[in-house]
>>> print(open('protein.cif').read())   # mmCIF, C-alpha atoms and all ligand atoms
data_data
loop_
_atom_site.label_atom_id
_atom_site.label_comp_id
_atom_site.auth_asym_id
_atom_site.auth_seq_id
_atom_site.Cartn_x
_atom_site.Cartn_y
_atom_site.Cartn_z
CA LEU O 1 87.82 102.44 152.72
CA GLN O 2 85.64 105.53 152.90
CA THR O 3 82.23 106.53 151.67
CA ARG O 4 81.97 109.27 149.04
CA ASP O 5 81.54 111.92 151.76
CA GLY O 6 84.71 110.74 153.50
CA ALA O 7 83.16 108.88 156.46
CA ALA O 8 84.59 105.49 157.39
CA LEU O 9 82.65 102.70 155.70
CA ARG O 10 82.64 100.85 159.02
CA THR O 11 79.76 103.01 160.18
CA ASP O 12 77.60 101.31 157.53
CA PHE O 13 77.98 98.04 159.46
CA PRO O 14 76.09 97.86 162.77
CA GLY O 15 77.70 94.48 163.48
CA LEU O 16 81.16 96.00 163.83
CA VAL O 17 80.72 97.14 167.43
CA THR O 18 80.61 95.09 170.63
CA ALA O 19 77.56 94.98 172.91
CA ASP O 20 78.95 97.93 174.93
CA GLY O 21 79.59 100.01 171.82
CA ALA O 22 83.37 99.51 171.51
CA PRO O 23 84.86 98.80 168.07
CA TRP O 24 84.96 95.09 167.30
CA HIS O 25 87.94 93.87 165.30
CA TYR O 26 86.17 91.36 163.14
CA LEU O 27 88.72 89.31 161.21
CA ASP O 28 86.43 86.42 160.24
CA THR O 29 84.88 87.75 157.06
CA ALA O 30 85.90 84.60 155.15
CA ALA O 31 83.48 82.67 157.39
CA THR O 32 80.71 85.19 156.93
CA ALA O 33 80.65 88.93 156.22
CA GLN O 34 79.01 91.60 158.37
CA LYS O 35 76.03 93.29 156.67
CA PRO O 36 75.77 96.94 155.64
CA GLN O 37 72.68 98.85 156.78
CA ALA O 38 71.51 99.03 153.14
CA VAL O 39 71.19 95.22 153.05
CA ILE O 40 69.46 95.12 156.43
CA ASP O 41 67.01 97.84 155.30
CA ALA O 42 66.28 96.03 152.03
CA THR O 43 65.47 92.79 153.85
CA VAL O 44 63.31 94.57 156.45
CA ARG O 45 61.31 96.20 153.63
CA ALA O 46 61.01 92.89 151.78
CA MET O 47 59.81 91.18 154.96
CA GLY O 48 57.52 94.08 155.90
CA THR O 49 55.77 96.56 153.66
CA ASP O 50 56.74 94.81 150.39
CA TYR O 51 56.13 91.24 151.49
CA ALA O 52 54.16 88.80 149.36
CA THR O 53 54.88 85.58 147.52
CA VAL O 54 56.35 85.45 144.03
CA HIS O 55 55.31 83.87 140.72
CA ARG O 56 51.77 82.93 141.77
CA GLY O 57 49.83 85.88 143.09
CA VAL O 58 47.29 87.67 140.91
CA TYR O 59 47.29 90.75 143.16
CA ALA O 60 49.55 93.75 142.67
CA ARG O 61 51.82 93.23 145.71
CA SER O 62 52.78 89.76 144.53
CA ALA O 63 53.32 90.97 140.97
CA ASP O 64 55.62 93.70 142.34
CA MET O 65 57.54 91.23 144.47
CA THR O 66 57.91 88.92 141.46
CA LEU O 67 59.37 91.83 139.48
CA ALA O 68 61.83 92.59 142.29
CA PHE O 69 62.76 88.91 142.63
CA GLU O 70 63.43 88.52 138.92
CA ALA O 71 65.29 91.85 138.86
CA ALA O 72 67.59 90.34 141.50
CA ARG O 73 68.27 87.44 139.15
CA ARG O 74 69.23 89.90 136.38
CA ARG O 75 71.38 91.79 138.87
CA VAL O 76 73.30 88.60 139.72
CA ALA O 77 73.70 87.76 136.01
CA GLN O 78 75.16 91.22 135.43
CA PHE O 79 77.43 90.89 138.48
CA ILE O 80 79.20 87.81 137.09
CA ASN O 81 78.65 88.69 133.41
CA ALA O 82 76.49 85.64 132.73
CA PRO O 83 75.15 85.61 129.15
CA SER O 84 71.55 85.17 130.40
CA GLU O 85 69.67 85.50 133.68
CA ASN O 86 68.11 82.12 132.88
CA GLU O 87 71.50 80.59 133.71
CA ILE O 88 71.24 81.89 137.31
CA VAL O 89 69.81 79.32 139.73
CA PHE O 90 69.07 80.53 143.25
CA VAL O 91 70.14 78.00 145.87
CA ARG O 92 70.57 78.13 149.67
CA GLY O 93 74.32 78.57 149.35
CA ALA O 94 77.39 77.20 147.61
CA THR O 95 77.02 73.93 149.51
CA GLU O 96 73.56 73.30 148.11
CA GLY O 97 74.71 74.40 144.65
CA ILE O 98 77.59 71.91 144.53
CA ASN O 99 75.29 69.13 145.77
CA LEU O 100 72.83 70.10 143.03
CA VAL O 101 75.48 69.83 140.31
CA ALA O 102 76.95 66.61 141.72
CA GLN O 103 73.55 64.88 142.02
CA SER O 104 71.87 66.27 138.90
CA TRP O 105 74.71 66.59 136.38
CA GLY O 106 76.78 63.87 138.02
CA GLY O 107 73.85 61.47 138.35
CA ALA O 108 73.06 61.84 134.65
CA ASN O 109 76.62 61.82 133.33
CA LEU O 110 78.94 59.82 135.62
CA LYS O 111 79.34 56.06 135.44
CA ALA O 112 81.79 53.41 136.65
CA GLY O 113 85.21 54.08 135.14
CA ASP O 114 84.69 57.87 135.06
CA ARG O 115 86.81 60.11 137.24
CA ILE O 116 86.32 63.38 139.11
CA LEU O 117 89.26 65.74 139.67
CA LEU O 118 89.46 67.88 142.84
CA SER O 119 92.40 69.55 144.63
CA THR O 120 94.07 69.16 148.01
CA LEU O 121 92.86 72.55 149.24
CA GLU O 122 89.12 72.12 148.64
CA HIS O 123 86.53 72.99 151.28
CA HIS O 124 84.56 69.94 152.47
CA SER O 125 81.58 71.25 150.53
CA ASN O 126 83.57 70.71 147.32
CA ILE O 127 84.67 67.22 148.38
CA VAL O 128 81.83 65.41 150.14
CA PRO O 129 79.12 66.00 147.47
CA TRP O 130 81.50 64.40 144.94
CA GLN O 131 82.15 61.46 147.26
CA LEU O 132 78.39 60.93 147.56
CA ILE O 133 77.85 60.87 143.79
CA ALA O 134 81.00 58.79 143.25
CA GLU O 135 79.58 56.17 145.60
CA ARG O 136 76.27 56.21 143.73
CA THR O 137 77.76 55.98 140.22
CA GLY O 138 81.01 54.08 140.69
CA ALA O 139 83.11 57.07 139.56
CA ARG O 140 86.49 57.66 141.25
CA ILE O 141 88.07 60.82 142.66
CA ASP O 142 91.60 62.07 141.94
CA VAL O 143 93.32 64.98 143.67
CA VAL O 144 95.51 67.70 142.12
CA PRO O 145 98.44 68.49 144.47
CA LEU O 146 99.55 71.95 145.58
CA THR O 147 102.69 73.92 144.81
CA GLN O 148 105.17 74.65 147.58
CA ASP O 149 103.52 78.00 148.32
CA GLY O 150 100.00 76.60 148.47
CA ARG O 151 98.47 77.04 145.02
CA ILE O 152 96.63 74.39 143.05
CA ASP O 153 99.43 73.02 140.84
CA LEU O 154 98.12 73.47 137.30
CA ASP O 155 101.23 71.90 135.73
CA ALA O 156 100.50 68.78 137.77
CA MET O 157 96.85 68.99 136.74
CA ALA O 158 97.83 69.16 133.05
CA ALA O 159 100.08 66.13 133.51
CA MET O 160 97.54 63.97 135.34
CA ILE O 161 94.23 64.75 133.60
CA ARG O 162 92.89 61.95 131.38
CA PRO O 163 89.86 61.40 129.13
CA GLU O 164 88.17 59.54 132.03
CA HIS O 165 87.99 62.82 133.96
CA ARG O 166 84.52 64.14 133.25
CA ILE O 167 84.52 67.06 135.68
CA VAL O 168 87.09 69.14 137.55
CA ALA O 169 85.94 71.08 140.64
CA LEU O 170 88.28 73.69 142.13
CA ALA O 171 88.16 76.66 144.50
CA HIS O 172 88.75 80.06 142.89
CA VAL O 173 90.22 81.35 146.18
CA SER O 174 91.25 79.01 149.02
CA ASN O 175 89.34 79.73 152.25
CA VAL O 176 92.46 78.76 154.24
CA LEU O 177 95.44 79.97 152.21
CA GLY O 178 93.86 82.74 150.15
CA SER O 179 95.63 81.42 147.05
CA VAL O 180 93.99 82.47 143.80
CA LEU O 181 93.42 80.01 140.97
CA ASP O 182 94.16 80.91 137.35
CA VAL O 183 90.66 79.81 136.33
CA ARG O 184 91.19 80.52 132.63
CA ARG O 185 94.16 78.17 132.50
CA ALA O 186 92.37 75.52 134.58
CA ALA O 187 89.41 75.73 132.16
CA ASP O 188 91.70 75.31 129.14
CA ILE O 189 93.36 72.25 130.70
CA ALA O 190 89.98 70.72 131.67
CA HIS O 191 88.41 71.38 128.28
CA GLY O 192 91.51 70.08 126.49
CA ALA O 193 90.84 66.71 128.13
CA GLY O 194 87.08 66.86 127.45
CA ALA O 195 86.15 67.64 131.08
CA LEU O 196 83.92 70.38 132.49
CA LEU O 197 85.19 72.86 135.10
CA LEU O 198 83.20 73.81 138.20
CA VAL O 199 84.55 76.74 140.21
CA ASP O 200 83.75 77.26 143.89
CA GLY O 201 83.73 81.06 144.03
CA CYS O 202 82.74 81.44 147.71
CA GLN O 203 85.87 83.37 148.66
CA ALA O 204 86.37 85.00 145.26
CA ALA O 205 83.00 86.68 144.71
CA PRO O 206 83.44 89.09 147.68
CA ARG O 207 86.92 90.18 146.64
CA LEU O 208 87.51 89.76 142.88
CA ALA O 209 85.50 91.00 139.90
CA ILE O 210 83.97 87.86 138.35
CA ASP O 211 83.34 87.43 134.62
CA VAL O 212 82.24 83.84 134.00
CA GLN O 213 82.56 84.24 130.23
CA ALA O 214 86.16 85.47 130.46
CA LEU O 215 87.00 82.78 133.04
CA GLY O 216 85.73 80.10 130.64
CA CYS O 217 84.41 77.76 133.33
CA ASP O 218 81.18 75.73 133.06
CA PHE O 219 79.77 76.11 136.59
CA TYR O 220 80.37 78.92 139.11
CA LEU O 221 79.03 79.10 142.66
CA PHE O 222 78.98 81.49 145.57
CA SER O 223 77.12 82.18 148.82
CA GLY O 224 75.32 85.45 149.54
CA HIS O 225 76.35 85.68 153.20
CA LYS O 226 80.06 85.96 152.35
CA LEU O 227 79.24 88.77 149.90
CA TYR O 228 77.74 91.04 152.61
CA GLY O 229 74.26 89.63 151.90
CA PRO O 230 71.92 87.40 153.94
CA THR O 231 72.37 83.74 154.80
CA GLY O 232 70.15 81.21 153.06
CA ILE O 233 70.76 82.47 149.53
CA GLY O 234 73.44 81.48 147.07
CA VAL O 235 74.01 81.36 143.35
CA LEU O 236 74.69 78.56 140.91
CA TRP O 237 75.60 79.73 137.44
CA ALA O 238 75.89 77.08 134.73
CA ARG O 239 76.33 77.33 130.97
CA GLY O 240 72.87 77.37 129.40
CA ASP O 241 73.26 74.23 127.27
CA ILE O 242 74.54 72.22 130.25
CA LEU O 243 71.76 73.46 132.53
CA ALA O 244 69.09 72.70 129.90
CA ALA O 245 70.18 69.05 129.79
CA MET O 246 70.29 68.57 133.56
CA PRO O 247 67.47 66.66 135.34
CA PRO O 248 65.73 68.20 138.38
CA TYR O 249 67.39 68.04 141.79
CA HIS O 250 64.48 68.71 144.15
CA GLY O 251 60.86 68.08 143.19
CA GLY O 252 57.88 70.19 144.22
CA GLY O 253 55.97 73.31 143.32
CA ALA O 254 57.26 75.91 140.85
CA MET O 255 59.61 73.51 139.01
CA ILE O 256 57.02 71.74 136.88
CA ASP O 257 55.39 72.15 133.52
CA LYS O 258 52.50 69.69 134.03
CA VAL O 259 51.77 67.22 136.79
CA THR O 260 49.58 64.12 136.45
CA PHE O 261 49.80 60.81 138.29
CA ALA O 262 50.81 59.28 134.96
CA GLY O 263 53.90 61.47 134.88
CA THR O 264 55.25 64.98 135.29
CA THR O 265 57.07 67.28 132.90
CA TYR O 266 59.44 69.94 134.13
CA ALA O 267 59.87 73.64 133.61
CA PRO O 268 62.93 74.93 131.75
CA PRO O 269 65.84 76.33 133.81
CA PRO O 270 66.15 78.12 136.12
CA ALA O 271 62.66 77.24 137.47
CA ARG O 272 63.39 73.49 137.03
CA PHE O 273 65.96 73.76 139.84
CA GLU O 274 64.01 76.03 142.18
CA ALA O 275 61.35 73.81 143.76
CA GLY O 276 59.17 75.40 146.42
CA THR O 277 58.73 78.96 147.61
CA PRO O 278 62.12 80.59 147.14
CA ALA O 279 64.14 82.62 149.66
CA ILE O 280 62.36 85.83 148.61
CA ILE O 281 63.65 88.11 151.36
CA GLU O 282 67.21 86.83 151.13
CA THR O 283 67.25 87.20 147.35
CA ILE O 284 66.21 90.85 147.61
CA GLY O 285 68.94 91.26 150.25
CA LEU O 286 71.52 89.70 147.95
CA ALA O 287 70.67 92.19 145.20
CA ALA O 288 71.14 95.03 147.70
CA ALA O 289 74.52 93.58 148.71
CA ILE O 290 75.62 93.48 145.07
CA ASP O 291 74.51 97.10 144.66
CA TYR O 292 76.58 97.97 147.74
CA VAL O 293 79.84 96.30 146.69
CA GLU O 294 79.54 97.48 143.10
CA ALA O 295 79.07 101.08 144.25
CA ILE O 296 82.49 100.75 145.93
CA GLY O 297 83.99 98.69 143.11
CA LEU O 298 85.43 95.18 143.33
CA ASP O 299 88.77 96.50 142.06
CA VAL O 300 88.87 98.98 144.93
CA ILE O 301 87.94 96.26 147.46
CA ALA O 302 90.59 93.89 146.04
CA ALA O 303 93.33 96.55 146.22
CA HIS O 304 92.27 97.46 149.77
CA GLU O 305 92.40 93.84 150.97
CA ASP O 306 95.70 93.20 149.13
CA ALA O 307 97.28 96.06 151.09
CA LEU O 308 95.93 94.69 154.40
CA VAL O 309 97.22 91.19 153.60
CA ALA O 310 100.67 92.52 152.65
CA ARG O 311 100.89 94.57 155.85
CA THR O 312 99.74 91.64 158.02
CA ARG O 313 102.09 89.13 156.41
CA ALA O 314 105.03 91.53 156.79
CA ALA O 315 104.24 92.04 160.50
CA LEU O 316 103.71 88.34 161.24
CA ARG O 317 106.94 87.45 159.43
CA GLU O 318 108.78 89.45 162.12
CA ILE O 319 107.51 87.06 164.81
CA ASN O 320 109.85 84.07 165.04
CA ALA O 321 107.33 81.67 166.56
CA ILE O 322 104.88 82.21 163.69
CA ARG O 323 104.78 80.12 160.55
CA LEU O 324 102.90 81.89 157.77
CA LEU O 325 100.90 79.72 155.38
CA GLY O 326 99.88 80.40 151.79
CA PRO O 327 101.35 82.64 149.10
CA ASP O 328 102.28 86.31 149.51
CA ASP O 329 99.64 87.37 146.97
CA ALA O 330 96.83 85.71 148.93
CA ALA O 331 93.39 87.30 148.50
CA GLY O 332 91.99 88.68 151.76
CA ILE O 333 93.06 85.74 153.95
CA VAL O 334 96.11 85.12 156.19
CA SER O 335 96.51 81.73 157.89
CA PHE O 336 99.26 80.99 160.36
CA VAL O 337 100.36 78.69 163.15
CA MET O 338 102.36 79.58 166.24
CA GLU O 339 104.92 77.24 167.73
CA GLY O 340 103.73 75.72 171.01
CA VAL O 341 100.31 77.42 171.00
CA HIS O 342 97.10 75.78 169.81
CA PRO O 343 95.16 77.98 167.36
CA HIS O 344 92.11 77.73 169.64
CA ASP O 345 94.12 79.33 172.45
CA ILE O 346 95.22 82.10 170.09
CA GLY O 347 91.58 82.64 169.15
CA THR O 348 90.40 82.71 172.76
CA ILE O 349 93.05 85.19 173.92
CA LEU O 350 92.43 87.41 170.89
CA ASP O 351 88.71 87.36 171.65
CA GLU O 352 89.46 88.80 175.10
CA SER O 353 91.20 91.66 173.24
CA GLY O 354 88.17 92.32 171.04
CA VAL O 355 89.65 90.57 168.00
CA ALA O 356 87.67 87.82 166.27
CA ILE O 357 89.65 85.35 164.17
CA ARG O 358 88.84 81.80 163.12
CA ALA O 359 90.75 78.87 164.57
CA GLY O 360 90.24 75.33 163.41
CA HIS O 361 90.43 73.10 160.36
CA HIS O 362 88.24 75.50 158.31
CA CYS O 363 86.30 72.57 156.79
CA ALA O 364 89.47 71.61 154.93
CA GLN O 365 90.82 68.56 156.79
CA PRO O 366 92.70 67.13 153.77
CA LEU O 367 94.53 70.47 153.48
CA MET O 368 95.36 70.41 157.22
CA ALA O 369 96.82 66.91 156.76
CA HIS O 370 98.89 68.17 153.81
CA LEU O 371 100.17 71.12 155.88
CA GLY O 372 100.97 68.78 158.78
CA VAL O 373 98.80 70.70 161.24
CA GLU O 374 95.50 69.99 162.98
CA ALA O 375 94.29 73.54 162.75
CA THR O 376 95.37 77.04 161.80
CA ALA O 377 94.62 80.53 163.02
CA ARG O 378 93.05 82.57 160.23
CA ALA O 379 92.59 86.31 159.94
CA SER O 380 90.40 87.32 157.02
CA PHE O 381 89.55 90.80 155.80
CA GLY O 382 86.54 92.52 154.31
CA LEU O 383 85.90 95.87 152.67
CA TYR O 384 85.38 97.39 156.16
CA SER O 385 88.67 96.08 157.61
CA ASP O 386 91.38 98.63 158.33
CA GLU O 387 94.74 99.28 159.95
CA SER O 388 93.21 99.37 163.44
CA ASP O 389 92.18 95.71 163.03
CA ILE O 390 95.76 94.72 162.21
CA GLU O 391 97.11 96.73 165.15
CA ALA O 392 94.62 95.03 167.48
CA LEU O 393 95.60 91.63 166.06
CA LEU O 394 99.32 92.30 166.61
CA LYS O 395 98.70 93.60 170.12
CA GLY O 396 96.64 90.50 170.89
CA LEU O 397 99.41 88.26 169.55
CA ASP O 398 101.86 90.03 171.89
CA ARG O 399 99.58 88.97 174.74
CA VAL O 400 99.49 85.41 173.44
CA ARG O 401 103.30 85.34 173.45
CA ALA O 402 103.45 86.87 176.92
CA ILE O 403 101.05 84.25 178.28
CA PHE O 404 102.76 81.32 176.58
CA GLY O 405 106.26 82.62 177.21
N1 LIG M 501 83.67 76.84 149.62
C1 LIG M 501 84.49 77.70 150.25
C2 LIG M 501 85.83 78.00 149.66
C3 LIG M 501 84.08 78.30 151.45
O1 LIG M 501 84.90 79.15 152.07
C4 LIG M 501 82.81 77.98 151.97
C5 LIG M 501 82.32 78.58 153.29
N2 LIG M 501 83.28 78.50 154.33
C6 LIG M 501 81.99 77.09 151.27
C7 LIG M 501 82.47 76.56 150.10
C8 LIG M 501 80.62 76.73 151.75
O2 LIG M 501 79.78 77.82 151.73
P1 LIG M 501 78.36 77.77 152.45
O3 LIG M 501 78.62 77.23 153.83
O4 LIG M 501 77.91 79.18 152.46
O5 LIG M 501 77.48 76.89 151.64
#
>>> encode(input="protein.cif", output="structure tokens", more="lines below")
Ligand code: PMP
Amino acid sequence: LQTRDGAALRTDFPGLVTADGAPWHYLDTAATAQKPQAVIDATVRAMGTDYATVHRGVYARSADMTLAFEAARRRVAQFINAPSENEIVFVRGATEGINLVAQSWGGANLKAGDRILLSTLEHHSNIVPWQLIAERTGARIDVVPLTQDGRIDLDAMAAMIRPEHRIVALAHVSNVLGSVLDVRRAADIAHGAGALLLVDGCQAAPRLAIDVQALGCDFYLFSGHKLYGPTGIGVLWARGDILAAMPPYHGGGAMIDKVTFAGTTYAPPPARFEAGTPAIIETIGLAAAIDYVEAIGLDVIAAHEDALVARTRAALREINAIRLLGPDDAAGIVSFVMEGVHPHDIGTILDESGVAIRAGHHCAQPLMAHLGVEATARASFGLYSDESDIEALLKGLDRVRAIFG
């Protein structure tokens, strides 16, 4: 991708060079994205000349920061087409957001006999929080299987869902296989059985245009750091009526209406779920990241990454020792295993060639068990990825084959 004046977008990202100034072939954007200078500048300003607390100060700097902070909330609402910015809860990341929903909504609504529906490909952060609340409430967990090519099998979901299922929690895009969920259909199936649908949008938000109203889900989550923004900030969107009925998750300052030792009343959402001084700097950085990706266009980013995935899959298919995982229309992510070579060795040899991939179980051990592997090698793309990254990857894989015979 290029900027409007034709320069390579890579130059916007100071992280994309090695310590000695050589290009770095960063193929681990699904773990965390490199940051454009615009995001870095916005956070430096927020931490420097603009810095003050929000929501409490009577002085002008704090009032200005409060305006910027709440403008970021509106920016996020716009980004995912939420009906109201009051449905946007700032959290530390998707992990905290899912724990919030599981403990708050789950604690108030789940009881013994109820069931929770997940899928085989979920990230641990969309499994373990549900196990914790299941243990607390006596609810049980069921798992939707995958299709042959690694998608959540919605036909199987439709066949197995029952009135006891109160909530379904699924990844929009798999962080291992890149498979994309038909969220609309999943929402229709869930709602048809009287269940809510939570969507883990961690890998979708950086590469697909999100419209929570069109998707029809009830909860949507993503992390800022995968969307070219800072760490420590994430978004929980929930339908307003659901959020209004949810009890607090964390207690503390900023989430109350009135506190006495006889009892405390709570603020309406989103403040009810944002105890303590928020991640002010990171939130401003997230808004800058959204400005950055929207100036390029999510449709442009998606098409760009689709082309890179297609090219990579075609090249890897030519290598006999490689088994490609996931569907051909994967979003931004290509996982594979190589006969006789541990993914960690692939990763280490590639690193010596200036190529960074991820090797491991990707926080998806149940999926690894289903695939019959302990780990995979994963190349994942971002808006700054280009043909030179794929060439470096293929060259590095030649070296791997040479070393391992
Ligand atoms: N879900 C998916 C699909 C992910 O890829 C990740 C991050 N690897 C998470 C959840 C957790 O996100 P975070 O660590 O930012 O909370």
>>> closest_residue(input="protein.cif", among="O:Asn99, O:Ser388, O:Gln203, O:Ser335", to="Val355 of chain O", atoms="only C-alpha atoms")
O:Ser388
>>> residues_around(input="protein.cif", residues="segment 101-103 of chain O", least_positions_apart="6", cutoff="9 Å", atoms="only C-alpha atoms", output="PDB file with C-alpha atoms, in the frame of the given file")
ATOM      1  CA  PRO O 129      79.120  66.000 147.470  1.00  0.00           C
ATOM      2  CA  TRP O 130      81.500  64.400 144.940  1.00  0.00           C
ATOM      3  CA  LEU O 132      78.390  60.930 147.560  1.00  0.00           C
ATOM      4  CA  ILE O 133      77.850  60.870 143.790  1.00  0.00           C
ATOM      5  CA  ALA O 134      81.000  58.790 143.250  1.00  0.00           C
ATOM      6  CA  LEU O 198      83.200  73.810 138.200  1.00  0.00           C
ATOM      7  CA  PHE O 219      79.770  76.110 136.590  1.00  0.00           C
ATOM      8  CA  LEU O 236      74.690  78.560 140.910  1.00  0.00           C
ATOM      9  CA  MET O 246      70.290  68.570 133.560  1.00  0.00           C
ATOM     10  CA  TYR O 249      67.390  68.040 141.790  1.00  0.00           C
TER      11      TYR O 249
END
>>> closest_atom_pairs(input="protein.cif", of="chain O", to="ligand LIG 501 (chain M)", cutoff="8 Å", atoms="only C-alpha atoms and all ligand atoms", output="tab-separated table")
residue	atom	partner	partner_atom	distance
O:Ala30	CA	M:LIG501	O1	6.3
O:Ala31	CA	M:LIG501	N2	5.2
O:Thr32	CA	M:LIG501	N2	7.6
O:Arg92	CA	M:LIG501	O5	7.3
O:Gly93	CA	M:LIG501	O5	4.2
O:Ala94	CA	M:LIG501	O5	4.0
O:Thr95	CA	M:LIG501	O5	3.7
O:Glu96	CA	M:LIG501	O5	6.4
O:Gly97	CA	M:LIG501	O5	7.9
O:Glu122	CA	M:LIG501	C2	6.8
O:His123	CA	M:LIG501	N1	5.1
O:His124	CA	M:LIG501	C7	7.3
O:Ser125	CA	M:LIG501	C7	5.4
O:Asn126	CA	M:LIG501	N1	6.5
O:Ala171	CA	M:LIG501	C2	5.8
O:His172	CA	M:LIG501	C2	7.7
O:Val173	CA	M:LIG501	C2	6.5
O:Ser174	CA	M:LIG501	C2	5.6
O:Asn175	CA	M:LIG501	O1	4.5
O:Val176	CA	M:LIG501	O1	7.9
O:Asp200	CA	M:LIG501	N1	5.7
O:Gly201	CA	M:LIG501	C2	6.7
O:Cys202	CA	M:LIG501	C1	4.8
O:Gln203	CA	M:LIG501	C2	5.5
O:Phe222	CA	M:LIG501	O2	7.2
O:Ser223	CA	M:LIG501	O4	4.8
O:Gly224	CA	M:LIG501	O4	7.4
O:His225	CA	M:LIG501	O4	6.7
O:Lys226	CA	M:LIG501	O4	7.1
O:Thr231	CA	M:LIG501	O4	7.5
O:Gly234	CA	M:LIG501	O4	7.4
O:His362	CA	M:LIG501	N2	7.0
O:Cys363	CA	M:LIG501	N2	7.1
>>> atom_distance(input="protein.cif", atom1="atom CA of Ala77 of chain O", atom2="atom CA of Ala288 of chain O")
14.0 Å
>>> closest_residue(input="protein.cif", among="O:Val17, O:Val58, O:Ala331, O:Leu325", to="Gly354 of chain O", atoms="all atoms listed in the file")
O:Val17
>>> atom_distance(input="protein.cif", atom1="atom CA of Ala156 of chain O", atom2="atom CA of Leu367 of chain O")
16.9 Å
>>> residues_around(input="protein.cif", residues="His370 of chain O", least_positions_apart="6", cutoff="10 Å", atoms="all atoms listed in the file", output="PyMOL selection string")
chain O and resi 120-121+145-146
>>> write_last_selection(input="protein.cif", atoms="C-alpha atoms", output="PDB file, in the frame of the given file")
ATOM      1  CA  THR O 120      94.070  69.160 148.010  1.00  0.00           C
ATOM      2  CA  LEU O 121      92.860  72.550 149.240  1.00  0.00           C
ATOM      3  CA  PRO O 145      98.440  68.490 144.470  1.00  0.00           C
ATOM      4  CA  LEU O 146      99.550  71.950 145.580  1.00  0.00           C
TER       5      LEU O 146
END
>>> closest_residue(input="protein.cif", among="O:Arg74, O:Ile256, O:Leu394, O:Gly360", to="Arg313 of chain O", atoms="only C-alpha atoms")
O:Leu394
>>> atom_distance(input="protein.cif", atom1="atom CA of Gly396 of chain O", atom2="atom CA of Val373 of chain O")
22.1 Å
>>> residues_near_point(input="protein.cif", point="(65.8, 82.3, 128.9)", cutoff="9 Å", atoms="all atoms listed in the file", output="VMD selection string")
chain O and resid 84 to 87 240 268 to 270
>>> residues_near_point(input="protein.cif", point="(60.4, 89.1, 143.7)", cutoff="12 Å", atoms="all atoms listed in the file", output="ChimeraX atom specification")
/O:43,46-47,50-57,60-74,277-287
